[in-house]
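Data first, discussion second: the structure below is written as structure tokens.
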Amino acid sequence: MSRREPPRTEEGLYVLHDLRSVDWDAWRGAGERDQEAAIEEGIAYLQDHADVEEGDTAVFSVLGHKADLLILHLRPTLAELDAAEREFEKCALAEFTDRASSYLSVTEASGYTEAAADYFDPDAEADPGLQRYMDSRIHPELPETEFVSFYPMSKRRDPEYNWYDLPFEERRELMEAHGDIGRDYAGKVTQIISGSVGMDDHEWGVTLFADEMTDIKHLLYEMRFDPSSSKYAEFGRFYTGRRFAPSDLDAFLAG
Amino acid sequence: MSRREPPRTEEGLYVLHDLRSVDWDAWRGAGERDQEAAIEEGIAYLQDHADVEEGDTAVFSVLGHKADLLILHLRPTLAELDAAEREFEKCALAEFTDRASSYLSVTEASGYTEAAADYFDPDAEADPGLQRYMDSRIHPELPETEFVSFYPMSKRRDPEYNWYDLPFEERRELMEAHGDIGRDYAGKVTQIISGSVGMDDHEWGVTLFADEMTDIKHLLYEMRFDPSSSKYAEFGRFYTGRRFAPSDLDAFLAG
Amino acid sequence: MSRREPPRTEEGLYVLHDLRSVDWDAWRGAGERDQEAAIEEGIAYLQDHADVEEGDTAVFSVLGHKADLLILHLRPTLAELDAAEREFEKCALAEFTDRASSYLSVTEASGYTEAAADYFDPDAEADPGLQRYMDSRIHPELPETEFVSFYPMSKRRDPEYNWYDLPFEERRELMEAHGDIGRDYAGKVTQIISGSVGMDDHEWGVTLFADEMTDIKHLLYEMRFDPSSSKYAEFGRFYTGRRFAPSDLDAFLAG
Amino acid sequence: MSRREPPRTEEGLYVLHDLRSVDWDAWRGAGERDQEAAIEEGIAYLQDHADVEEGDTAVFSVLGHKADLLILHLRPTLAELDAAEREFEKCALAEFTDRASSYLSVTEASGYTEAAADYFDPDAEADPGLQRYMDSRIHPELPETEFVSFYPMSKRRDPEYNWYDLPFEERRELMEAHGDIGRDYAGKVTQIISGSVGMDDHEWGVTLFADEMTDIKHLLYEMRFDPSSSKYAEFGRFYTGRRFAPSDLDAFLAG
Amino acid sequence: MSRREPPRTEEGLYVLHDLRSVDWDAWRGAGERDQEAAIEEGIAYLQDHADVEEGDTAVFSVLGHKADLLILHLRPTLAELDAAEREFEKCALAEFTDRASSYLSVTEASGYTEAAADYFDPDAEADPGLQRYMDSRIHPELPETEFVSFYPMSKRRDPEYNWYDLPFEERRELMEAHGDIGRDYAGKVTQIISGSVGMDDHEWGVTLFADEMTDIKHLLYEMRFDPSSSKYAEFGRFYTGRRFAPSDLDAFLAG
């Protein structure tokens with residue numbers, strides 16, 4: 001029983017998916033002044049946190065009963081993420097929300113592909129293009145699309161489908177083939193992959209951005225027939241959101 | 001480990017199964033005026049949303065403790081669905097309800113059958129009958145039956161029962177055989193199939209309509225002996241509802 | 001991969017196991033008048049619903065934290081069951097209860113045994129004894145025993161233990177052998193079997209009645225060594241109740 | 001597929017593990033008089049129930065968030081257990097507790113060992129020593145140790161590890177070997193085994209008593225390497241408690 | 001089916017991971033005086049408990065919705081741990097917290113490695129270095145790092161991956177190889193291993209300390225490819241915390 005070779009990984013920004021439910025009963029029952037204060041402070045919180053020097057913050061309306069708001073934070077340190085989460089509780093909007101769920105992770109690039117392997121090789125010549133590509137993965141810009149899909153996932157460790165017991169080369173091929181599907185959706189679907197081993201209940205968070213929700217659906221359905229997913233993926237809950245500008249918080253809360 | 005061929009799919013209307021519990025304690029404790037306002041606004045909400053240009057909204061009384069109301073929305077865009085969900089919170093009826101569950105999906109037709117394959121083939125001659133059939137699947141009318149059964153489901157990805165690792169042809173045969181059972185119940189049970197990969201926790205939502213609940217029971221029991229279900233289906237929770245006209249909301253709330 | 005032959009089934013009365021918790025804090029805090037009204041209306045609800053023309057209603061004290069009351073309704077239509085559930089919310093007793101769980105099903109007789117096969121055969125001669133037996137299964141009288149055990153269950157669909165992939169004849173033999181164990185407890189334990197495919201989260205509800213709880217324990221323990229259970233059964237939660245007359249509701253609530 | 005032979009069992013006292021959380025916020029907020037009444041009535045409840053003619057009642061402080069109090073009742077009839085549970089709700093202490101969990105079972109001796117087989121054999125000569133041993137298992141005295149560990153468990157029914165599909169003789173050997181480990185801890189760890197088939201969600205409740213918690217840990221860790229556990233056991237949640245005298249309820253509540 | 005040889009274990013300090021959520025609504029709504037009292041008493045509680053003669057207490061801010069505070073207690077007896085847990089409820093800070101989760105265990109050293117086997121061998125010569133090493137494992141000092149990762153885990157008992165059915169020698173090799181990975185992170189990641197068989201729902205608690213969260217991530221990701229984890233580990237939930245000094249409680253609560 002020998003140990004398998006892990007890929008090298010590099011991490012960039014810490015990520016918090018902060019999912020909150022609106023307490024609509026409290027909202028309806030609130031006076032106009034309290035509502036105004038909540039909107040004002042809520043917009044200020046969202047705008048100030050989007051204006052950080054490094055990283056970003058965005059807000060989404062979440063469909064269904066699992067949550068109403070997804071506040072997505074990216075920060076260079078866990079300390080800043082911790083602060084961003086707790087600062088929300090200071091603002092008057094917090095009074096009208098409950099925490100529904102969350103996910104903690106850190107943007108990750110891994111050295112499975114040959115190009116990526118070079119990136120992690122201290123003896124390889126520096127390749128500016130590769131450097132830019134890896135950097136875009138671990139210091140991503142949040143795309144300005146209308147829709148987002150978020151889910152956490154892990155790789156299976158079952159007797160017949162044990163990702164962590166596959167030889168490195170086999171995993172590399174599976175990852176490359178899986179990436180090929182993603183590339184077919186370039187321009188339609190953008191992804192942020194973040195690792196969470198030791199940080200949260202699954203091993204990765206996947207955040208997909210698109211202007212057509214059906215593009216995300218087609219991409220993931222196609223991937224499900226690929227061995228990386230069909231044999232080795234275990235999915236958590238899926239959250240679907242629709243982005244809105246912080247300044248539209250009042251429209252969101254008006255129902 | 002090669003990738004399997006996914007079927008083509010076409011999507012139509014976004015679907016939200018919005019399951020709510022009535023806060024009966026609050027209802028009993030409410031004054032007559034508050035009750036009247038809740039009924040009036042609730043009826044207006046349900047009727048206005050049923051009167052949309054494209055799509056539909058219907059309401060059902062749900063049996064058992066899992067929920068009391070199922071509000072079923074179909075809309076051409078996710079934005080409209082998002083609005084329909086949040087608009088409910090503006091109406092006085094919302095004060096007497098809690099969100100119990102929900103399911104987000106989009107009506108789907110897939111290209112497994114030979115006929116359907118033609119539909120997705122850009123070189124095939126247009127077939128108006130097929131076009132009407134496919135259209136009826138992705139732009140369905142809500143049948144006016146008394147009962148509804150709703151459940152989400154996924155296909156298994158286990159070593160011995162791995163739907164996503166079956167060759168396309170085998171899946172096609174299984175789907176056709178499965179469809180044959182459904183056809184035996186034509187006129188008794190009507191179905192709406194909606195896909196939710198990337199949108200919610202299972203892969204499909206199944207909504208069945210009938211005037212006799214036992215017809216749905218017989219259909220699903222028969223299907224359970226078919227390999228599509230017996231080997232490859234994983235079911236979520238089942239919800240049973242009884243349709244009522246929005247104008248009967250007062251009778252529903254009277255107990 | 002061929003479809004297996006399902007058994008014929010016949011359905012009789014719709015069944016709701018309505019499990020409720022008493023809000024003892026509210027009860028202790030209530031004035032004598034409110035308590036009296038709750039008892040009076042609660043008794044009236046239970047007696048009126050037991051007095052229906054077709055079907056029955058009984059009430060049980062449930063042991064442990066999962067619930068305090070089991071109200072068991074049998075009705076010829078889902079509409080009447082739906083009404084019975086919601087009518088409870090009108091009565092003052094409801095104010096002191098929360099819904100803890102529930103199960104929806106319909107009494108079922110299936111055509112596995114040879115005798116039963118005759119029953120479903122339109123060409124077979126009518127057999128009054130068989131007719132009475134089948135009728136007793138789908139239009140059961142609630143036995144007047146002190147104890148009840150209720151649990152939902154499904155048959156497994158795993159690669160090695162797949163009930164739905166067994167040939168009809170094998171299932172028939174398993175069902176007959178299983179029934180034999182039950183017959184050894186005739187006079188001690190009475191059962192109501194109700195199907196719930198498409199109606200609730202498991203496939204059947206099993207309700208067992210006895211004057212000695214250990215008789216139910218012995219019966220089910222013996223069954224667990226029978227392949228029908230040891231290989232093919234998946235059980236939900238178990239609820240143990242003690243019947244009381246509606247008129248003893250005050251004694252139940254006195255603690 | 002033949003039925004396996006079940007062991008004979010004999011039952012003695014019905015057992016309720018009643019796990020409750022203290023509502024510390026309510027407790028801190030209560031006036032001195034209300035606290036005194038709660039303590040007085042709580043002590044009276046615990047002492048009166050410990051003083052029953054047959055059976056016993058003991059109370060433990062539970063570590064961690066799962067519960068604060070374990071009230072353990074043993075009674076000759078389910079009716080008395082039902083009464084004991086509901087009588088608690090009458091006492092002022094109940095106002096400061098919520099029900100966190102519970103487990104219902106009945107003390108059980110089974111005829112796996114040869115000696116025990118004799119006990120169940122109507123033709124065997126009466127053996128007073130055996131009689132006393134079996135009686136001590138089904139009418140146990142609660143040991144006066146400081147610590148308790150409680151957990152429910154079932155035997156597996158999986159294709160490769162199916163307890164209920166093993167021949168009787170094999171199960172007998174496994175049970176004897178398992179019992180041998182327990183005997184090595186005689187004087188250190190005392191156990192009460194109670195069956196719950198048909199009564200609660202698992203098949204048995206195991207309650208272990210010791211003055212050193214690490215003795216329980218060592219015993220169970222050793223057992224985990226024994227096939228009875230390593231292959232055939234499925235465990236529920238574990239609760240760890242520390243016994244206190246009813247008269248020390250005030251010290252318990254003082255924090 | 002023979003019993004496998006368990007390793008010897010030695011236990012040191014009992015450990016409680018006490019995870020609490022802050023009730024931010026109550027906190028925002030509280031008057032300045034109540035806030036000051038809560039801070040003052042909270043700091044006193046944390047400092048007094050850190051100042052115990054044997055053992056330690058530390059506090060961490062937890063990221064995400066699962067909890068806000070992790071109070072980590074180590075004590076020589078369960079009775080002291082029980083007291084520490086309940087004493088918290090006496091302090092004014094408790095009013096603003098709810099219990100989110102917890103884990104009960106005891107620091108453990110086991111005799112898998114050859115060196116450790118000597119330690120447990122009464123005939124082996126005393127080895128002061130080994131003694132110090134074992135002692136550091138069961139009487140650990142809490143490292144003063146910024147971050148902590150806590151998760152409970154068990155070893156699998158599945159047919160193909162059954163840790164408890166492996167020969168001792170095989171387990172010993174696996175444990176040594178696993179330990180080697182840990183040693184590569186010496187100086188970066190410190191661990192406390194505590195056993196919980198018979199005490200809580202998993203078999204061990206793992207608490208990792210580091211100044212860079214990514215060091216913990218790299219360590220655990222590497223371990224996941226090692227058979228001890230890839231084949232035999234089952235993980236519970238993961239909690240990520242950031243240590244703060246008791247005197248910084250006001251800053252923590254300020255958001």
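For the structure tokens, the naming scheme is as follows: chains receive sequential letters (A, B, ...) according to their order of presentation, residues are indexed from 1 within each chain, and ligands are indexed from 1 in presentation order.
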I'd like the neighbourhood of range 166-179 of chain C as a list of chain:residue names, where a residue qualifies if any of its atoms comes within 6 Å (using only C-alpha atoms), though same-chain residues fewer than 5 positions away should be ignored.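 Contacts, in chain order: C:Glu5, C:Tyr112, C:Ser228.
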Keeping only all heavy atoms, take the residues you just selected and write them out as an mmCIF file, in the first residue's frame.
data_model
loop_
_atom_site.group_PDB
_atom_site.id
_atom_site.type_symbol
_atom_site.label_atom_id
_atom_site.label_comp_id
_atom_site.auth_asym_id
_atom_site.auth_seq_id
_atom_site.Cartn_x
_atom_site.Cartn_y
_atom_site.Cartn_z
ATOM 1 N N GLU C 5 -41.525 -8.010 -13.621
ATOM 2 C CA GLU C 5 -42.988 -7.923 -13.536
ATOM 3 C C GLU C 5 -43.410 -7.414 -12.151
ATOM 4 O O GLU C 5 -43.076 -8.024 -11.141
ATOM 5 C CB GLU C 5 -43.580 -9.327 -13.754
ATOM 6 C CG GLU C 5 -45.090 -9.334 -13.800
ATOM 7 C CD GLU C 5 -45.643 -10.760 -13.686
ATOM 8 O OE1 GLU C 5 -44.868 -11.719 -13.880
ATOM 9 O OE2 GLU C 5 -46.838 -10.894 -13.367
ATOM 10 N N TYR C 112 -49.085 -10.999 -4.679
ATOM 11 C CA TYR C 112 -47.926 -11.890 -4.713
ATOM 12 C C TYR C 112 -48.325 -13.349 -4.469
ATOM 13 O O TYR C 112 -47.854 -14.242 -5.159
ATOM 14 C CB TYR C 112 -46.882 -11.475 -3.681
ATOM 15 C CG TYR C 112 -45.885 -10.471 -4.225
ATOM 16 C CD1 TYR C 112 -45.732 -9.231 -3.642
ATOM 17 C CD2 TYR C 112 -45.096 -10.790 -5.332
ATOM 18 C CE1 TYR C 112 -44.812 -8.315 -4.146
ATOM 19 C CE2 TYR C 112 -44.176 -9.872 -5.844
ATOM 20 C CZ TYR C 112 -44.042 -8.634 -5.244
ATOM 21 O OH TYR C 112 -43.137 -7.746 -5.748
ATOM 22 N N SER C 228 -36.278 -11.411 3.373
ATOM 23 C CA SER C 228 -37.071 -10.223 3.005
ATOM 24 C C SER C 228 -36.594 -8.997 3.760
ATOM 25 O O SER C 228 -36.553 -7.892 3.216
ATOM 26 C CB SER C 228 -38.554 -10.437 3.347
ATOM 27 O OG SER C 228 -39.181 -11.171 2.350
#
Identify every residue of chain A that has at least one atom within 6 Å of any atom of chain E, counting only C-alpha atoms, and report the result as a list in words.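 On the chain A side, the interface is Arg3, Arg4, Pro6, Arg86, Glu87, Lys90, Glu95, Ser101, Ser102, Arg157, Tyr164, Val197, Gly198, Met199, Asp200 and Asp201 of chain A.
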Based on DSSP run over this structure's backbone, return all residues of range 4-213 of chain E in alpha helix (DSSP H), as a ChimeraX atom specification. /E:24-29,32-50,78-88,114-120,128-138,168-184,213
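Across the model, the gap from CA of Asp184 in chain C to CA of Glu114 in chain D is 26.0 Å.
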Excluding same-chain residues fewer than 4 positions from Ser247 in chain D, what lies within 10 Å of it counting only C-alpha atoms, as a PDB file with C-alpha atoms, in the first residue's frame?
ATOM      1  CA  ILE D  39     -34.909  22.994  42.015  1.00  0.00           C
ATOM      2  CA  GLU D  40     -37.321  21.804  44.681  1.00  0.00           C
ATOM      3  CA  GLY D  42     -36.876  18.813  40.161  1.00  0.00           C
ATOM      4  CA  ILE D  43     -35.302  17.127  43.192  1.00  0.00           C
ATOM      5  CA  ALA D  44     -38.682  15.780  44.266  1.00  0.00           C
ATOM      6  CA  LEU D  46     -35.932  12.692  40.631  1.00  0.00           C
ATOM      7  CA  GLN D  47     -36.140  11.271  44.153  1.00  0.00           C
ATOM      8  CA  ALA D 251     -25.152  22.662  42.327  1.00  0.00           C
ATOM      9  CA  PHE D 252     -25.623  21.380  38.768  1.00  0.00           C
TER      10      PHE D 252
END
What residues in range 99-245 of chain B get the DSSP label strand (DSSP E or B)? Please answer as a PyMOL selection string. chain B and resi 99-110+147-155+157+162+189-195+204-210+233-235+239-243
Record the distance separating CA of Phe96 in chain B and CA of Leu249 in chain B, expressed in Å with one decimal.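 Result for CA of Phe96 in chain B versus CA of Leu249 in chain B: 12.8 Å, one decimal.
If you look at CA of Asp56 in chain D and CA of Leu74 in chain D, they are 5.2 Å away from each other.
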All residues 9 Å or closer to Asp98 in chain C, only C-alpha atoms, same chain fewer than 6 positions away omitted, as a VMD selection string: chain C and resid 19 to 23
Would you save the residues from that selection as a compact mmCIF listing (two decimals), in the first residue's frame, using N, CA and C atoms?
# COMPACT_ATOMS: atom_id res chain seq x y z
N LEU C 19 -48.01 13.04 13.43
CA LEU C 19 -47.25 13.00 14.68
C LEU C 19 -47.01 14.42 15.19
N ARG C 20 -47.41 14.68 16.40
CA ARG C 20 -47.33 16.03 16.95
C ARG C 20 -46.64 16.04 18.32
N SER C 21 -45.92 17.12 18.55
CA SER C 21 -45.31 17.35 19.86
C SER C 21 -46.17 18.31 20.65
N VAL C 22 -46.29 18.08 21.94
CA VAL C 22 -46.98 19.03 22.80
C VAL C 22 -45.99 20.11 23.22
N ASP C 23 -46.42 21.36 23.14
CA ASP C 23 -45.61 22.48 23.63
C ASP C 23 -45.90 22.61 25.12
Compare E:Leu69, E:Ala94, E:Ala58, E:Ala79 by their minimum atom-to-atom distance to Gln35 in chain E, counting only C-alpha atoms, and give me the closest one.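 The closest residue to Gln35 in chain E is E:Ala94.
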